[in-house]
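Reviewing the structure listed below.
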2 protein chains.
Amino acid sequence: MLTKTTVSKGDMDPEEFRAAGHELIDWIADYRARIPQLPVQAQVAPGEVAAKLPTWAPEEAEPFGRVLDDLDGVVVPGITQVQHPRYFGWFPSNASLSSVLGDLAASGLGALGITWQSAPALTEVEAVVVEWLRELTALPESWQGVIQDTASSACLVALLAARERVTDYSEARGGMQAETAPLRVYATSHAHSSIGKAVALAGYGQDNLRLIEVDPVTYAMRPEALAAAVAADVAAGFRPAAVVASIGTTGTTAVDPVAQIVSVARRYGMWVHVDAAMAGSALLLPEMRWLADGVEGADSLAWNPHKWLGTVLDCSLLYVADPVHLIRVMSTSPSYLRSAVDGEVTQYKDWGIPLGRRFRALKLWFHLRLDGAEAIRARLRRDLANARWLAEQVSSTPGWRVLAPVNLQTVVLRHEPPGVVSDPGAVLDAGALNAHTLSWVDSVNASGAALVTPSLLDGTWAVRVSIGAEPTERRDVEELWTVLQRAAASSGR
Amino acid sequence: MLTKTTVSKGDMDPEEFRAAGHELIDWIADYRARIPQLPVQAQVAPGEVAAKLPTWAPEEAEPFGRVLDDLDGVVVPGITQVQHPRYFGWFPSNASLSSVLGDLAASGLGALGITWQSAPALTEVEAVVVEWLRELTALPESWQGVIQDTASSACLVALLAARERVTDYSEARGGMQAETAPLRVYATSHAHSSIGKAVALAGYGQDNLRLIEVDPVTYAMRPEALAAAVAADVAAGFRPAAVVASIGTTGTTAVDPVAQIVSVARRYGMWVHVDAAMAGSALLLPEMRWLADGVEGADSLAWNPHKWLGTVLDCSLLYVADPVHLIRVMSTSPSYLRSAVDGEVTQYKDWGIPLGRRFRALKLWFHLRLDGAEAIRARLRRDLANARWLAEQVSSTPGWRVLAPVNLQTVVLRHEPPGVVSDPGAVLDAGALNAHTLSWVDSVNASGAALVTPSLLDGTWAVRVSIGAEPTERRDVEELWTVLQRAAASSGR
């Protein structure tokens with residue numbers, strides 16, 4: 001029996017947890033309710049948070065109230081409120097409260113996911129919910145998936161799988177250093193920075209990431225440019241290993257044409273990885289499935305429920321067409337896989353980098369069950385409509401421009417006032433325009449009223465308005481539009 | 001203002017969360033209190049959990065009570081209870097309730113850790129608590145650390161850093177495939193499987209992982225064997241890149257001699273990574289710091305607070321002597337690092353693989369503050385004493401043997417009864433001994449009364465008893481010893 005002993009064991013017992021847990025649940029509910037009153041962007045200077053904390057760890061246990069006080073006084077003012085209805089920065093990073101409960105259940109259970117045997121339910125619930133999501137997003141029926149932490153890790157895993165396919169499992173011999181004809185990876189300059197990082201870490205070398213030209217209007221990969229680059233590389237003695245097709249790039253939510261990319265890749269036996277980190281959520285909507293047209297010819301796809309869908313970070317899904325290959329690449333215990341339960345159970349340790357895994361499936365399971373798929377779809381459609389509405393306002397307002405197709409829920413815009421941009425066809429005063437843009441964006445963000453992200457597009461600063469925080473309603477987008485116009489009008493000119 | 005709308009938005013609101021959250025906290029407190037009555041090992045067959053779940057995701061939201069019912073009816077029976085007082089398997093995987101609260105706070109805040117700017121407190125609390133732990137474990141003052149998910153990922157990061165140091169940043173050029181003299185990595189056959197996996201994934205190739213002989217009694221790396229292997233490799237045209245010293249191996253908690261390994265490595269400019277996944281917790285105890293003697297000459301060390309220390313999974317610490325080098329290897333945005341806040345802030349995205357990071361520091365922060373360092377040390381000392389006690393019982397009981405030095409809290413033992421092992425010096429009937437061992441271990445584990453892990457040692461099955469679950473008291477170890485003896489005595493002979 002577990003009973004309290006007189007010796008301090010350094011552990012909080014269930015009754016102490018019950019009392020503190022109720023306080024913390026109330027704290028979170030209250031905090032979520034007051035987020036709209038908080039500044040969106042954290043208003044702290046570098047080092048300000050650290051300066052409020054003691055230099056050394058406490059020797060004696062502290063009362064829970066003091067920790068709660070620090071959440072209020074130190075932590076909340078120290079984070080940018082991405083759960084805020086006027087958060088339009090980077091991409092949505094929703095932490096739906098239903099998924100927070102699932103994550104709490106995972107922590108409370110404290111299960112150890114190292115093999116099927118260590119926690120059968122951790123493996124089997126994951127297999128089931130990953131299949132739920134596959135069906136909801138209409139990915140190929142034969143594909144199988146796994147939960148990773150982020151799309152960065154998922155992309156690295158995909159490029160490792162690609163490397164091993166083209167080298168016939170060089171990892172089991174002398175590795176990349178025994179390869180003679182250099183392997184190449186293809187993507188556009190609009191692909192996420194994690195692609196270049198994965199290319200570097202997987203040992204291809206950044207010189208072997210070849211950036212393919214994009215269409216000047218859509219910013220999507222030009223498949224004929226890919227075909228030409230690959231053909232030239234092959235002629236020059238390179239081996240094409242993989243191409244990453246982005247559906248929903250970070251800069252403009254551009255959509256690389258997967259079907260045409262697959263058709264080029266097939267000719268050369270290249271691995272096609274689809275980076276749908278943001279756009280994956282949209283695949284829940286039948287009317288948005290054009291984004292992934294041709295995906296059945298790809299080898300892998302990753303997307304992040306921890307973005308727009310709203311399953312609390314970290315939760316990324318990686319689907320593969322050939323799980324046997326992935327397992328061979330990531331497994332270091334092939335003899336173990338030939339055990340008595342082989343063929344009967346999944347060992348997710350062999351589908352990614354970490355051995356020990358959290359029970360992440362619970363947050364997806366809770367999220368889908370407590371919110372329901374149809375309500376989630378309704379929210380996503382609300383956000384798409386809000387983005388279209390904002391794009392219409394911007395397009396129809398003199399001095400404002402929408403700079404890229406609104407494929408998803410992100411509007412890339414710029415204020416180009418007279419005097420900065422004289423008239424169509426005139427030479428832009430790029431320096432003045434950049435200064436103007438950064439000035440009014442900074443004033444919006446510094447005010448705390450809303451958060452938007454400046455980003456470079458074709459070498460000039462633009463502004464991304466990424467709609468899709470869970471509490472963001474039309475009135476919040478209307479308010480944002482007012483705030484943007486006011487800031488641009490009063491920007492230091 | 002955030003107000004309820006009539007349109008379903010697919011989100012649980014703060015008041016619904018409050019109600020369900022209180023129920024879940026009570027559920028977790030009740031569950032933790034009844035763990036001692038549960039079987040330790042999950043008693044389910046492959047597919048049994050999945051068969052209880054619906055094939056497709058729910059379209060409509062379900063009531064919270066139904067989800068809670070499934071936690072009781074499907075999930076709890078489907079996991080091995082590693083929080084059980086008679087869990088002695090693998091390694092401890094404590095999920096202290098204080099750290100569970102910290103993890104709940106992280107989820108509730110829903111912060112987005114992509115840059116310092118996106119969540120300054122996420123970065124700065126991490127820097128502070130990682131420094132707290134550095135001081136508590138007496139690692140070099142100049143070292144800096146970061147939270148990773150697991151020691152597997154941390155080891156991969158370390159071997160990538162090693163690869164890039166010896167190749168002078170090949171990742172920025174043609175990668176591993178442009179290297180001519182093959183790089184080599186050294187470890188013993190007792191090193192964790194994640195070392196071999198990291199060698200494979202980082203592109204060295206498994207042929208270039210050279211396994212160094214261990215001492216036949218301590219199972220620790222023989223430094224003179226390392227020196228000879230490296231010298232021979234250099235003579236043969238290989239380049240020594242890294243050596244992994246394990247302190248606390250998985251099989252027997254063997255301790256490779258770090259100081260002597262460092263001295264060999266220095267001669268060749270090799271990276272020394274110390275894998276202290278299990279033993280790191282012991283470094284909180286001054287009397288155990290001999291485990292890491294010489295660590296100040298190493299380049300990196302990783303250990304897992306999510307093991308014995310008890311900060312809920314996943315939480316691994318990676319410390320490096322040269323963070324500037326690590327950042328150069330892992331960063332893909334050097335221009336960004338030259339920003340206005342450069343030198344002032346830490347960008348943890350450049351210290352590991354994922355871009356998006358959870359607020360993992362909160363669970364360490366809560367754990368240390370709510371339990372206090374001194375009580376944690378008392379618990380660790382309790383476990384060390386329990387392991388010594390068990391080893392004494394085993395050693396002094398006829399027919400039983402302790403097979404490896406008890407450096408930490410794990411006892412590796414075997415029952416070698418007359419008839420199986422006739423007398424000292426006689427030839428062992430290895431087949432019969434193996435059958436006997438697996439038979440009685442399986443009967444213990446299948447009974448649910450306790451869980452221990454069989455493992456191969458020198459080619460013969462042994463039994464690991466890894467003490468250190470948070471609720472495990474001396475009486476639990478006494479009970480285990482009774483259970484083991486009874487099982488061995490009645491094993492099908």
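Scheme for the structure tokens: letters A, B, ... for chains in order shown; per-chain residue numbers from 1; ligand numbers from 1 in order shown.
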
Can you list every residue in segment 232-441 of chain B that DSSP puts in strand (DSSP E), as number ranges by chain?
B: 239-246, 271-275, 300-303, 316-320, 400-402, 410-415

Do you know which residues are at most 10 Å from Glu179 of chain A counting only C-alpha atoms, after dropping those on the same chain fewer than 6 positions away, and could you put them as a PyMOL selection string?
(chain A and resi 167+170) or (chain B and resi 176-180)

Any chance you could export the current selection's C-alpha atoms as a PDB file, in the first residue's frame?
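Now in part35.pdb:
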```
ATOM      1  CA  THR A 167      21.759   4.725 -51.077  1.00  0.00           C
ATOM      2  CA  SER A 170      24.210   3.213 -46.504  1.00  0.00           C
TER       3      SER A 170
ATOM      4  CA  MET B 176      29.326  14.017 -45.281  1.00  0.00           C
ATOM      5  CA  GLN B 177      29.398  12.713 -48.844  1.00  0.00           C
ATOM      6  CA  ALA B 178      32.216  15.130 -49.684  1.00  0.00           C
ATOM      7  CA  GLU B 179      34.411  13.722 -46.909  1.00  0.00           C
ATOM      8  CA  THR B 180      37.153  11.336 -47.917  1.00  0.00           C
TER       9      THR B 180
END
```

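The space between atom CA of Glu124 of chain A and atom CA of Ala50 of chain B spans 5.3 Å.
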
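Using only C-alpha atoms, the residues found no farther than 10 Å from Glu374 of chain A, other than those of its own chain fewer than 2 positions away, are Leu284, Leu285, Leu368, Asp371, Gly372, Ile376, Arg377, Ala378, Arg379 and Leu380 of chain A; Ser8, Lys9, Gly10, Pro58, Glu59, Glu60 and Ala61 of chain B.
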
For the selection you just gave me, I'd like the residues written to a file as a compact mmCIF listing (two decimals), in the first residue's frame, keeping N, CA, C and O atoms.
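Once written, part29.txt looks like this:
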```txt
# COMPACT_ATOMS: atom_id res chain seq x y z
N LEU A 284 -9.07 18.83 -43.68
CA LEU A 284 -10.32 18.35 -43.08
C LEU A 284 -11.54 18.83 -43.88
O LEU A 284 -12.63 18.29 -43.70
N LEU A 285 -11.33 19.86 -44.70
CA LEU A 285 -12.43 20.43 -45.47
C LEU A 285 -12.38 19.90 -46.90
O LEU A 285 -11.43 20.17 -47.63
N LEU A 368 -10.48 15.62 -30.39
CA LEU A 368 -11.49 15.23 -31.37
C LEU A 368 -12.79 14.80 -30.70
O LEU A 368 -13.88 15.10 -31.20
N ASP A 371 -14.47 18.10 -28.79
CA ASP A 371 -14.95 19.17 -29.67
C ASP A 371 -15.78 18.61 -30.84
O ASP A 371 -16.75 19.24 -31.26
N GLY A 372 -15.39 17.45 -31.34
CA GLY A 372 -16.09 16.86 -32.49
C GLY A 372 -15.59 17.44 -33.79
O GLY A 372 -15.29 18.64 -33.90
N ILE A 376 -15.00 21.57 -35.42
CA ILE A 376 -13.65 22.01 -35.82
C ILE A 376 -13.69 22.50 -37.26
O ILE A 376 -13.15 23.57 -37.59
N ARG A 377 -14.37 21.76 -38.13
CA ARG A 377 -14.48 22.19 -39.54
C ARG A 377 -15.16 23.56 -39.63
O ARG A 377 -14.75 24.41 -40.42
N ALA A 378 -16.17 23.77 -38.82
CA ALA A 378 -16.88 25.05 -38.86
C ALA A 378 -15.94 26.19 -38.47
O ALA A 378 -15.98 27.28 -39.07
N ARG A 379 -15.10 25.94 -37.49
CA ARG A 379 -14.15 26.98 -37.09
C ARG A 379 -13.15 27.27 -38.20
O ARG A 379 -12.82 28.44 -38.47
N LEU A 380 -12.65 26.23 -38.85
CA LEU A 380 -11.69 26.44 -39.94
C LEU A 380 -12.33 27.24 -41.07
O LEU A 380 -11.71 28.15 -41.64
N SER B 8 -21.19 27.18 -33.25
CA SER B 8 -20.18 26.32 -32.63
C SER B 8 -18.84 26.61 -33.25
O SER B 8 -18.70 26.64 -34.46
N LYS B 9 -17.84 26.86 -32.41
CA LYS B 9 -16.52 27.17 -32.93
C LYS B 9 -15.57 26.00 -32.77
O LYS B 9 -14.40 26.10 -33.08
N GLY B 10 -16.10 24.92 -32.24
CA GLY B 10 -15.22 23.77 -32.08
C GLY B 10 -14.23 23.95 -30.96
O GLY B 10 -13.14 23.40 -31.01
N PRO B 58 -15.22 10.98 -33.98
CA PRO B 58 -16.60 11.43 -33.76
C PRO B 58 -16.88 12.74 -34.50
O PRO B 58 -16.08 13.66 -34.48
N GLU B 59 -18.03 12.80 -35.14
CA GLU B 59 -18.45 14.05 -35.80
C GLU B 59 -18.96 15.04 -34.77
O GLU B 59 -18.77 16.24 -34.90
N GLU B 60 -19.66 14.52 -33.75
CA GLU B 60 -20.25 15.39 -32.73
C GLU B 60 -19.45 15.30 -31.43
O GLU B 60 -18.88 14.24 -31.13
N ALA B 61 -19.44 16.37 -30.67
CA ALA B 61 -18.75 16.37 -29.39
C ALA B 61 -19.36 15.33 -28.45
O ALA B 61 -20.57 15.13 -28.44
```

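Residue nearest Ala387 of chain A within the list A:Arg369, A:Arg486, A:Arg358, A:Arg464: A:Arg464 [criterion: smallest interatomic distance, only C-alpha atoms].
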
Would you kindly return, as a list of chain:residue names, each protein, DNA or RNA residue with an atom no farther than 9 Å from any atom of Ala42 of chain A, considering only C-alpha atoms and excluding same-chain residues fewer than 2 positions away?
A:Pro39, A:Val40, A:Val44, A:Ala45, A:Val76, A:Pro77, A:Gly78, A:Ile79, A:Thr80, A:Gln81, A:Ala446, A:Gly448, B:Gln117, B:Ser118, B:Ala119, B:Pro120

Preceding selection exported with N, CA and C atoms as a short mmCIF file (atom, residue, chain, number, x, y, z; two decimals), in the first residue's frame:
```
data_model
loop_
_atom_site.label_atom_id
_atom_site.label_comp_id
_atom_site.auth_asym_id
_atom_site.auth_seq_id
_atom_site.Cartn_x
_atom_site.Cartn_y
_atom_site.Cartn_z
N PRO A 39 -1.95 42.44 -23.36
CA PRO A 39 -1.26 42.78 -24.61
C PRO A 39 -0.90 41.50 -25.35
N VAL A 40 -0.99 41.53 -26.69
CA VAL A 40 -0.71 40.30 -27.44
C VAL A 40 0.78 39.99 -27.36
N VAL A 44 8.31 42.54 -22.44
CA VAL A 44 9.49 42.46 -21.59
C VAL A 44 10.77 42.62 -22.41
N ALA A 45 11.80 43.11 -21.73
CA ALA A 45 13.11 43.26 -22.36
C ALA A 45 13.93 42.00 -22.11
N VAL A 76 3.17 35.03 -17.17
CA VAL A 76 2.16 35.56 -18.10
C VAL A 76 2.62 36.85 -18.79
N PRO A 77 3.20 37.80 -18.06
CA PRO A 77 3.68 39.00 -18.77
C PRO A 77 4.87 38.69 -19.68
N GLY A 78 5.46 37.53 -19.50
CA GLY A 78 6.66 37.18 -20.25
C GLY A 78 6.41 36.34 -21.48
N ILE A 79 5.16 36.10 -21.82
CA ILE A 79 4.91 35.35 -23.06
C ILE A 79 4.02 36.15 -23.99
N THR A 80 4.25 35.96 -25.26
CA THR A 80 3.37 36.51 -26.28
C THR A 80 2.11 35.65 -26.30
N GLN A 81 0.96 36.32 -26.28
CA GLN A 81 -0.30 35.59 -26.08
C GLN A 81 -0.83 35.05 -27.39
N ALA A 446 4.00 46.77 -30.85
CA ALA A 446 4.42 47.34 -29.57
C ALA A 446 3.21 47.79 -28.75
N GLY A 448 0.49 46.27 -28.37
CA GLY A 448 -0.17 45.16 -27.70
C GLY A 448 -1.59 44.92 -28.18
N GLN B 117 11.53 35.90 -28.91
CA GLN B 117 10.46 36.88 -29.04
C GLN B 117 9.07 36.27 -28.87
N SER B 118 8.89 35.03 -29.31
CA SER B 118 7.55 34.45 -29.26
C SER B 118 7.14 34.10 -27.83
N ALA B 119 8.10 33.94 -26.95
CA ALA B 119 7.79 33.60 -25.57
C ALA B 119 9.04 33.78 -24.71
N PRO B 120 9.37 35.03 -24.39
CA PRO B 120 10.60 35.27 -23.63
C PRO B 120 10.71 34.44 -22.35
#
```

Please identify all polymer residues within 10 Å of Pro398 of chain A, counting only C-alpha atoms, omitting same-chain residues fewer than 5 positions from it, and present them as a CSV table (one decimal) with all heavy atoms, in the first residue's frame.
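Saved file part.csv follows:
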```csv
chain,number,residue,atom,x,y,z
A,393,GLN,N,-11.2,43.7,-48.3
A,393,GLN,CA,-11.0,45.1,-47.8
A,393,GLN,C,-9.7,45.7,-48.2
A,393,GLN,O,-9.7,46.9,-48.7
A,393,GLN,CB,-11.1,45.1,-46.2
A,393,GLN,CG,-12.2,44.4,-45.6
A,393,GLN,CD,-13.5,44.8,-46.1
A,393,GLN,OE1,-13.9,45.9,-46.2
A,393,GLN,NE2,-14.3,43.8,-46.6
A,415,HIS,N,1.1,48.3,-47.2
A,415,HIS,CA,0.6,49.7,-47.4
A,415,HIS,C,1.6,50.4,-48.3
A,415,HIS,O,2.7,50.5,-47.9
A,415,HIS,CB,0.3,50.4,-46.1
A,415,HIS,CG,-0.2,51.8,-46.2
A,415,HIS,ND1,0.4,52.9,-45.6
A,415,HIS,CD2,-1.3,52.2,-46.9
A,415,HIS,CE1,-0.3,54.0,-45.9
A,415,HIS,NE2,-1.3,53.6,-46.7
A,416,GLU,N,1.2,50.9,-49.4
A,416,GLU,CA,2.1,51.5,-50.3
A,416,GLU,C,1.6,52.9,-50.6
A,416,GLU,O,0.9,53.2,-51.7
A,416,GLU,CB,2.3,50.7,-51.6
A,416,GLU,CG,2.9,49.4,-51.3
A,416,GLU,CD,3.1,48.5,-52.6
A,416,GLU,OE1,2.5,48.9,-53.7
A,416,GLU,OE2,3.8,47.5,-52.5
A,417,PRO,N,1.8,53.8,-49.7
A,417,PRO,CA,1.1,55.2,-49.8
A,417,PRO,C,1.8,56.0,-50.9
A,417,PRO,O,2.9,55.8,-51.3
A,417,PRO,CB,1.4,55.8,-48.5
A,417,PRO,CG,2.7,55.1,-48.0
A,417,PRO,CD,2.7,53.8,-48.6
A,418,PRO,N,1.1,57.0,-51.4
A,418,PRO,CA,1.6,58.0,-52.4
A,418,PRO,C,2.8,58.6,-51.8
A,418,PRO,O,2.9,58.9,-50.6
A,418,PRO,CB,0.5,59.0,-52.6
A,418,PRO,CG,-0.7,58.4,-52.0
A,418,PRO,CD,-0.3,57.4,-51.0
```

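When only C-alpha atoms are used to measure the gap to chain B, the shortest distance among A:Phe17, A:Trp143, A:Trp290, A:Trp389 belongs to A:Phe17.
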
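Around Tyr219 of chain B, within 10 Å and counting only C-alpha atoms, the residues found are Thr188, Ser189, His190, Glu213, Val214, Thr249, Gly251, Thr252, Thr253, Ala254, Val255, Asp256, Ala404, Pro405, Leu457 and Asp458 of chain B, once anything fewer than 5 positions away on its own chain is removed.
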
Name all residues at most 12 Å from Ala236 of chain A (count only C-alpha atoms; drop same-chain ones fewer than 3 positions away) and give them as a PyMOL selection string.
chain A and resi 181-184+229-233+239-240

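Ranking B:Glu135, B:Asp72, B:Asp429, B:Glu141 by their shortest atom-to-atom distance to chain A, with only C-alpha atoms included, puts B:Glu135 first.
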
Using only C-alpha atoms: which of A:Gly459, A:Gly108, A:Gly89, A:Gly297 has the shortest distance to chain B
A:Gly108

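Of the residues listed (A:Glu131, A:Gln83, A:Glu470, A:Ser447), A:Gln83 shows the shortest atom-to-atom separation from Arg34 of chain A; distances use only C-alpha atoms.
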
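Across the structure, atom CA of Ser396 of chain B and atom CA of Arg289 of chain B are spaced 28.7 Å apart.
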
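Taking atom CA of Pro257 of chain A as the reference point, atom CA of His273 of chain A is found at 12.4 Å.
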
Mind checking DSSP for segment 310-405 of chain B and telling me the helix (DSSP H, G or I) residues as a short mmCIF file (atom, residue, chain, number, x, y, z; two decimals) with N, CA and C atoms, in the first residue's frame?
```
data_model
loop_
_atom_site.label_atom_id
_atom_site.label_comp_id
_atom_site.auth_asym_id
_atom_site.auth_seq_id
_atom_site.Cartn_x
_atom_site.Cartn_y
_atom_site.Cartn_z
N PRO B 323 28.76 26.27 -26.48
CA PRO B 323 27.45 26.53 -27.10
C PRO B 323 27.54 27.25 -28.44
N VAL B 324 28.57 28.06 -28.63
CA VAL B 324 28.69 28.79 -29.90
C VAL B 324 28.82 27.80 -31.06
N HIS B 325 29.60 26.75 -30.83
CA HIS B 325 29.74 25.73 -31.87
C HIS B 325 28.40 25.02 -32.11
N LEU B 326 27.73 24.64 -31.03
CA LEU B 326 26.44 23.95 -31.19
C LEU B 326 25.47 24.80 -32.00
N ILE B 327 25.41 26.08 -31.68
CA ILE B 327 24.49 26.99 -32.37
C ILE B 327 24.84 27.08 -33.85
N ARG B 328 26.13 27.12 -34.14
CA ARG B 328 26.53 27.21 -35.54
C ARG B 328 26.09 25.95 -36.30
N VAL B 329 26.15 24.81 -35.63
CA VAL B 329 25.76 23.56 -36.28
C VAL B 329 24.25 23.48 -36.49
N MET B 330 23.49 23.91 -35.50
CA MET B 330 22.04 23.68 -35.51
C MET B 330 21.25 24.86 -36.07
N PRO B 334 21.66 32.19 -39.67
CA PRO B 334 22.74 33.00 -39.11
C PRO B 334 22.50 34.51 -39.26
N SER B 335 21.83 34.92 -40.32
CA SER B 335 21.57 36.36 -40.45
C SER B 335 20.66 36.82 -39.32
N TYR B 336 19.74 35.97 -38.95
CA TYR B 336 18.83 36.31 -37.87
C TYR B 336 19.58 36.47 -36.54
N LEU B 337 20.56 35.63 -36.34
CA LEU B 337 21.33 35.71 -35.09
C LEU B 337 22.12 37.01 -35.00
N TYR B 348 16.71 29.01 -28.43
CA TYR B 348 16.89 27.57 -28.24
C TYR B 348 16.56 26.75 -29.50
N LYS B 349 15.88 27.35 -30.46
CA LYS B 349 15.65 26.63 -31.71
C LYS B 349 16.99 26.24 -32.35
N ASP B 350 18.04 26.97 -32.01
CA ASP B 350 19.36 26.70 -32.59
C ASP B 350 20.21 25.80 -31.69
N TRP B 351 19.55 25.14 -30.74
CA TRP B 351 20.24 24.21 -29.84
C TRP B 351 19.74 22.78 -30.02
N ALA B 361 10.35 23.85 -19.44
CA ALA B 361 11.04 24.29 -18.23
C ALA B 361 10.09 24.36 -17.04
N LEU B 362 8.80 24.59 -17.31
CA LEU B 362 7.87 24.73 -16.19
C LEU B 362 7.78 23.47 -15.35
N LYS B 363 7.87 22.30 -16.00
CA LYS B 363 7.74 21.09 -15.18
C LYS B 363 8.95 20.89 -14.28
N LEU B 364 10.13 21.26 -14.76
CA LEU B 364 11.31 21.22 -13.89
C LEU B 364 11.20 22.27 -12.78
N TRP B 365 10.71 23.44 -13.15
CA TRP B 365 10.59 24.56 -12.21
C TRP B 365 9.62 24.20 -11.09
N PHE B 366 8.45 23.70 -11.45
CA PHE B 366 7.47 23.27 -10.45
C PHE B 366 8.04 22.15 -9.60
N HIS B 367 8.68 21.18 -10.26
CA HIS B 367 9.17 20.02 -9.53
C HIS B 367 10.16 20.43 -8.45
N LEU B 368 11.15 21.23 -8.83
CA LEU B 368 12.18 21.64 -7.86
C LEU B 368 11.59 22.52 -6.77
N ARG B 369 10.68 23.39 -7.15
CA ARG B 369 10.14 24.32 -6.15
C ARG B 369 9.16 23.64 -5.21
N LEU B 370 8.34 22.75 -5.74
CA LEU B 370 7.29 22.16 -4.89
C LEU B 370 7.80 20.99 -4.06
N ASP B 371 8.85 20.33 -4.54
CA ASP B 371 9.42 19.23 -3.73
C ASP B 371 10.66 19.69 -2.97
N ALA B 373 15.03 20.57 -3.35
CA ALA B 373 16.17 19.71 -3.70
C ALA B 373 16.50 18.71 -2.60
N GLU B 374 16.40 19.13 -1.35
CA GLU B 374 16.85 18.26 -0.27
C GLU B 374 15.98 17.01 -0.16
N ALA B 375 14.69 17.16 -0.34
CA ALA B 375 13.80 16.00 -0.26
C ALA B 375 14.04 15.06 -1.44
N ILE B 376 14.36 15.64 -2.58
CA ILE B 376 14.66 14.78 -3.74
C ILE B 376 15.92 13.98 -3.46
N ARG B 377 16.94 14.63 -2.90
CA ARG B 377 18.17 13.91 -2.56
C ARG B 377 17.90 12.78 -1.57
N ALA B 378 17.03 13.06 -0.58
CA ALA B 378 16.71 12.03 0.42
C ALA B 378 16.09 10.81 -0.26
N ARG B 379 15.23 11.06 -1.24
CA ARG B 379 14.60 9.94 -1.95
C ARG B 379 15.64 9.14 -2.74
N LEU B 380 16.55 9.84 -3.41
CA LEU B 380 17.57 9.14 -4.19
C LEU B 380 18.44 8.28 -3.27
N ARG B 381 18.78 8.83 -2.10
CA ARG B 381 19.61 8.08 -1.14
C ARG B 381 18.85 6.85 -0.61
N ARG B 382 17.56 7.02 -0.40
CA ARG B 382 16.73 5.88 0.01
C ARG B 382 16.86 4.74 -1.00
N ASP B 383 16.79 5.10 -2.29
CA ASP B 383 16.82 4.08 -3.34
C ASP B 383 18.20 3.41 -3.43
N LEU B 384 19.24 4.19 -3.27
CA LEU B 384 20.59 3.61 -3.29
C LEU B 384 20.75 2.62 -2.14
N ALA B 385 20.23 3.00 -0.98
CA ALA B 385 20.33 2.11 0.18
C ALA B 385 19.50 0.84 -0.06
N ASN B 386 18.35 0.99 -0.65
CA ASN B 386 17.52 -0.18 -0.96
C ASN B 386 18.23 -1.13 -1.92
N ALA B 387 18.93 -0.57 -2.89
CA ALA B 387 19.66 -1.41 -3.85
C ALA B 387 20.78 -2.16 -3.15
N ARG B 388 21.50 -1.45 -2.26
CA ARG B 388 22.57 -2.12 -1.51
C ARG B 388 22.01 -3.24 -0.64
N TRP B 389 20.88 -2.94 -0.02
CA TRP B 389 20.24 -3.95 0.83
C TRP B 389 19.88 -5.20 0.02
N LEU B 390 19.26 -4.99 -1.13
CA LEU B 390 18.87 -6.13 -1.96
C LEU B 390 20.10 -6.91 -2.41
N ALA B 391 21.13 -6.18 -2.82
CA ALA B 391 22.35 -6.86 -3.28
C ALA B 391 22.93 -7.74 -2.17
N GLU B 392 22.86 -7.23 -0.94
CA GLU B 392 23.37 -8.03 0.19
C GLU B 392 22.55 -9.30 0.38
N GLN B 393 21.23 -9.16 0.29
CA GLN B 393 20.37 -10.36 0.44
C GLN B 393 20.71 -11.38 -0.64
N VAL B 394 20.83 -10.91 -1.84
CA VAL B 394 21.08 -11.81 -2.98
C VAL B 394 22.42 -12.50 -2.80
N SER B 395 23.44 -11.71 -2.48
CA SER B 395 24.80 -12.26 -2.37
C SER B 395 24.91 -13.31 -1.26
#
```
